[in-house]
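Here's structure_39.cif, which has mmCIF, C-alpha atoms:
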data_coords
loop_
_atom_site.group_PDB
_atom_site.id
_atom_site.type_symbol
_atom_site.label_atom_id
_atom_site.label_comp_id
_atom_site.auth_asym_id
_atom_site.auth_seq_id
_atom_site.Cartn_x
_atom_site.Cartn_y
_atom_site.Cartn_z
ATOM 1 C CA MET A 1 140.462 287.599 162.191
ATOM 2 C CA ASN A 2 141.559 285.621 159.203
ATOM 3 C CA VAL A 3 143.390 282.434 158.355
ATOM 4 C CA GLU A 4 146.743 284.196 157.991
ATOM 5 C CA ALA A 5 146.516 285.717 161.480
ATOM 6 C CA LEU A 6 145.628 282.326 162.962
ATOM 7 C CA ARG A 7 148.489 280.612 161.170
ATOM 8 C CA ASP A 8 151.039 283.298 162.029
ATOM 9 C CA TYR A 9 150.143 283.236 165.723
ATOM 10 C CA CYS A 10 150.259 279.434 165.923
ATOM 11 C CA ILE A 11 153.543 279.138 164.087
ATOM 12 C CA SER A 12 155.079 281.796 166.364
ATOM 13 C CA LYS A 13 154.875 279.341 169.276
ATOM 14 C CA PRO A 14 158.244 277.757 170.183
ATOM 15 C CA HIS A 15 159.021 274.594 168.192
ATOM 16 C CA ALA A 16 155.710 274.787 166.283
ATOM 17 C CA THR A 17 155.614 273.209 162.841
ATOM 18 C CA GLU A 18 152.979 273.119 160.127
ATOM 19 C CA SER A 19 151.977 270.627 157.461
ATOM 20 C CA LEU A 20 149.189 269.796 155.030
ATOM 21 C CA PRO A 21 148.751 266.031 155.609
ATOM 22 C CA PHE A 22 145.001 266.039 154.958
ATOM 23 C CA GLY A 23 145.231 267.965 151.691
ATOM 24 C CA PRO A 24 145.484 271.655 150.843
ATOM 25 C CA GLU A 25 142.330 272.617 152.754
ATOM 26 C CA ASN A 26 143.609 271.865 156.300
ATOM 27 C CA LEU A 27 146.773 273.194 157.913
ATOM 28 C CA VAL A 28 147.936 271.028 160.824
ATOM 29 C CA LEU A 29 149.963 272.679 163.585
ATOM 30 C CA LYS A 30 152.178 270.484 165.748
ATOM 31 C CA VAL A 31 154.718 270.642 168.531
ATOM 32 C CA GLY A 32 156.985 267.662 169.075
ATOM 33 C CA GLY A 33 155.066 265.740 166.416
ATOM 34 C CA LYS A 34 151.699 266.106 168.203
ATOM 35 C CA MET A 35 148.871 268.221 166.883
ATOM 36 C CA PHE A 36 147.741 271.263 168.864
ATOM 37 C CA GLY A 37 145.668 272.929 166.149
ATOM 38 C CA LEU A 38 144.070 272.449 162.764
ATOM 39 C CA ILE A 39 143.101 275.432 160.612
ATOM 40 C CA SER A 40 140.500 275.038 157.879
ATOM 41 C CA LEU A 41 142.030 277.059 155.067
ATOM 42 C CA ASP A 42 138.876 277.209 152.971
ATOM 43 C CA ALA A 43 136.358 277.977 155.754
ATOM 44 C CA SER A 44 134.434 281.200 155.817
ATOM 45 C CA PRO A 45 134.493 282.559 158.426
ATOM 46 C CA ALA A 46 137.930 281.275 159.405
ATOM 47 C CA SER A 47 137.949 278.427 161.909
ATOM 48 C CA ILE A 48 140.488 276.532 163.988
ATOM 49 C CA ASN A 49 140.235 273.258 165.901
ATOM 50 C CA LEU A 50 141.921 273.397 169.306
ATOM 51 C CA LYS A 51 142.548 270.895 172.088
ATOM 52 C CA CYS A 52 141.092 271.818 175.498
ATOM 53 C CA ASN A 53 140.985 270.331 178.939
ATOM 54 C CA PRO A 54 137.472 269.019 179.688
ATOM 55 C CA GLU A 55 136.502 271.946 181.941
ATOM 56 C CA LEU A 56 137.512 274.601 179.423
ATOM 57 C CA ALA A 57 135.846 272.668 176.605
ATOM 58 C CA GLU A 58 132.512 272.747 178.455
ATOM 59 C CA GLN A 59 132.907 276.402 179.417
ATOM 60 C CA LEU A 60 133.662 277.479 175.858
ATOM 61 C CA ARG A 61 130.704 275.588 174.446
ATOM 62 C CA ASP A 62 128.393 277.108 177.057
ATOM 63 C CA GLU A 63 129.619 280.693 176.608
ATOM 64 C CA TYR A 64 130.197 280.975 172.857
ATOM 65 C CA SER A 65 127.876 279.913 170.096
ATOM 66 C CA ALA A 66 130.878 280.024 167.741
ATOM 67 C CA VAL A 67 132.590 277.198 169.641
ATOM 68 C CA ILE A 68 131.349 273.734 168.746
ATOM 69 C CA PRO A 69 132.553 270.219 169.613
ATOM 70 C CA ALA A 70 134.835 268.767 166.957
ATOM 71 C CA TYR A 71 133.518 265.215 167.089
ATOM 72 C CA HIS A 72 134.805 264.582 163.565
ATOM 73 C CA MET A 73 138.313 264.562 165.086
ATOM 74 C CA ASN A 74 137.353 261.596 167.281
ATOM 75 C CA LYS A 75 138.534 263.468 170.371
ATOM 76 C CA LYS A 76 135.904 264.760 172.744
ATOM 77 C CA HIS A 77 138.071 267.565 174.127
ATOM 78 C CA TRP A 78 138.678 269.292 170.809
ATOM 79 C CA ASN A 79 136.633 272.347 169.815
ATOM 80 C CA THR A 80 136.111 274.066 166.503
ATOM 81 C CA VAL A 81 136.271 277.830 166.986
ATOM 82 C CA LYS A 82 134.545 279.720 164.173
ATOM 83 C CA MET A 83 135.810 283.280 164.048
ATOM 84 C CA ASN A 84 133.073 285.886 164.283
ATOM 85 C CA SER A 85 132.477 289.240 165.920
ATOM 86 C CA SER A 86 131.459 287.649 169.249
ATOM 87 C CA ILE A 87 135.011 286.373 169.845
ATOM 88 C CA ARG A 88 137.894 288.746 170.608
ATOM 89 C CA TRP A 89 141.306 288.053 169.040
ATOM 90 C CA ALA A 90 142.942 288.109 172.501
ATOM 91 C CA GLN A 91 140.577 285.332 173.601
ATOM 92 C CA VAL A 92 141.463 283.198 170.580
ATOM 93 C CA GLN A 93 145.149 283.701 171.356
ATOM 94 C CA GLU A 94 144.561 282.471 174.918
ATOM 95 C CA TRP A 95 142.808 279.356 173.575
ATOM 96 C CA ILE A 96 145.652 278.675 171.143
ATOM 97 C CA ASP A 97 148.138 279.091 174.020
ATOM 98 C CA HIS A 98 146.099 276.663 176.141
ATOM 99 C CA SER A 99 146.028 274.048 173.373
ATOM 100 C CA TYR A 100 149.751 274.423 172.706
ATOM 101 C CA ASP A 101 150.573 274.191 176.435
ATOM 102 C CA LEU A 102 148.435 271.045 176.883
ATOM 103 C CA VAL A 103 150.294 269.289 174.098
ATOM 104 C CA TRP A 104 153.718 270.592 175.180
ATOM 105 C CA GLN A 105 153.146 269.351 178.738
ATOM 106 C CA SER A 106 152.164 265.899 177.455
ATOM 107 C CA LEU A 107 155.423 265.432 175.545
ATOM 108 C CA PRO A 108 158.051 263.104 177.016
ATOM 109 C CA LYS A 109 160.989 264.870 178.702
ATOM 110 C CA ALA A 110 163.406 263.488 176.109
ATOM 111 C CA VAL A 111 161.402 265.020 173.244
ATOM 112 C CA LYS A 112 161.242 268.395 175.007
ATOM 113 C CA ALA A 113 164.991 268.328 175.681
ATOM 114 C CA GLU A 114 165.719 267.523 172.031
ATOM 115 C CA LEU A 115 163.478 270.335 170.804
ATOM 116 C CA GLU A 116 164.998 272.834 173.216
ATOM 117 C CA LYS A 117 168.495 272.014 171.875
ATOM 118 C CA GLU A 118 167.506 273.186 168.392
#
If you took the structure in this file and wrote it as structure tokens, what would it be?
Amino acid sequence: MNVEALRDYCISKPHATESLPFGPENLVLKVGGKMFGLISLDASPASINLKCNPELAEQLRDEYSAVIPAYHMNKKHWNTVKMNSSIRWAQVQEWIDHSYDLVWQSLPKAVKAELEKE
């Protein structure tokens, strides 16, 4: 898994956008103006910060040594997932989907309707 695969999968989500607001080292992925992922472009191995519900956040941290709390983001239900051989690509895709869905579901109906018109 590499940064390009992470980016391509995230940006393939409906209405997903990307930006570099924190400088060229971090790619922010948003839906409806809210962040669902942050990819560290200069990290080795590749890593991505993802939003999780509290139960999944605890489960991931317990099961995978490559998943760590992202306290630097000031949100206790974000995780940094460092790509390594212990994590399957399909699992990372599920986590990205979960993060995207959490943010999508939190958007106001008017924002969703506007995005779906595009």
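Here atom CA of Ile87 of chain A stands at a distance of 14.7 Å from atom CA of Asn49 of chain A.
The two atoms in question, atom CA of Val81 of chain A and atom CA of Gly23 of chain A, are spaced 20.3 Å apart.
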_To test your reading of the syntax: which residues would the PyMOL selection byres ((chain A and resi 79) around 6) return for the file shown? Reply as a PyMOL selection string._
chain A and resi 49-50+68-70+78+80
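The smallest atom-to-atom distance between Ser12 of chain A and any of A:Leu115, A:Leu41, A:Ala110, A:Gln93, using all atoms listed in the file, is found for A:Gln93.
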_Explicit residue set for the PyMOL selection byres ((chain A and resi 65) around 10), as a ChimeraX atom specification_ = /A:60-64,66-68,81-82,84,86-87
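Atom pair atom CA of Gln105 of chain A / atom CA of Asn2 of chain A has a distance of 27.9 Å (rounded to one decimal).
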_Evaluate the PyMOL selection byres ((chain A and resi 14) around 12) and report residues as a PyMOL selection string_ = chain A and resi 9-13+15-17+29-32+97+100-101+104+112+115-118
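Using all atoms listed in the file, the smallest distance between any of A:Glu114, A:Trp95, A:Leu102, A:Lys109 and Ile48 of chain A comes from A:Trp95.
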Please, what is the axis-aligned box for every listed atom of segment 32-47 of chain A with 3 Å on each side, as centre and edge lengths in Å to one decimal, as lines of an AutoDock Vina configuration file?
center_x = 145.7
center_y = 274.1
center_z = 161.0
size_x = 28.6
size_y = 22.8
size_z = 22.1
*Neighbours of Phe22 of chain A within 12 Å (only C-alpha atoms; same-chain residues fewer than 5 positions away dropped), as a PyMOL selection string?*
chain A and resi 27-29+38-41
*Which residue, A:Leu20, A:Leu6, A:Ala113, A:Cys52, has the smallest gap to Phe36 of chain A when you use only C-alpha atoms?*
A:Cys52
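Take the candidates A:Asn26, A:Ser99, A:Ser19, A:Ser44 and check each one against Met83 of chain A using all atoms listed in the file; the shortest distance goes to A:Ser44.
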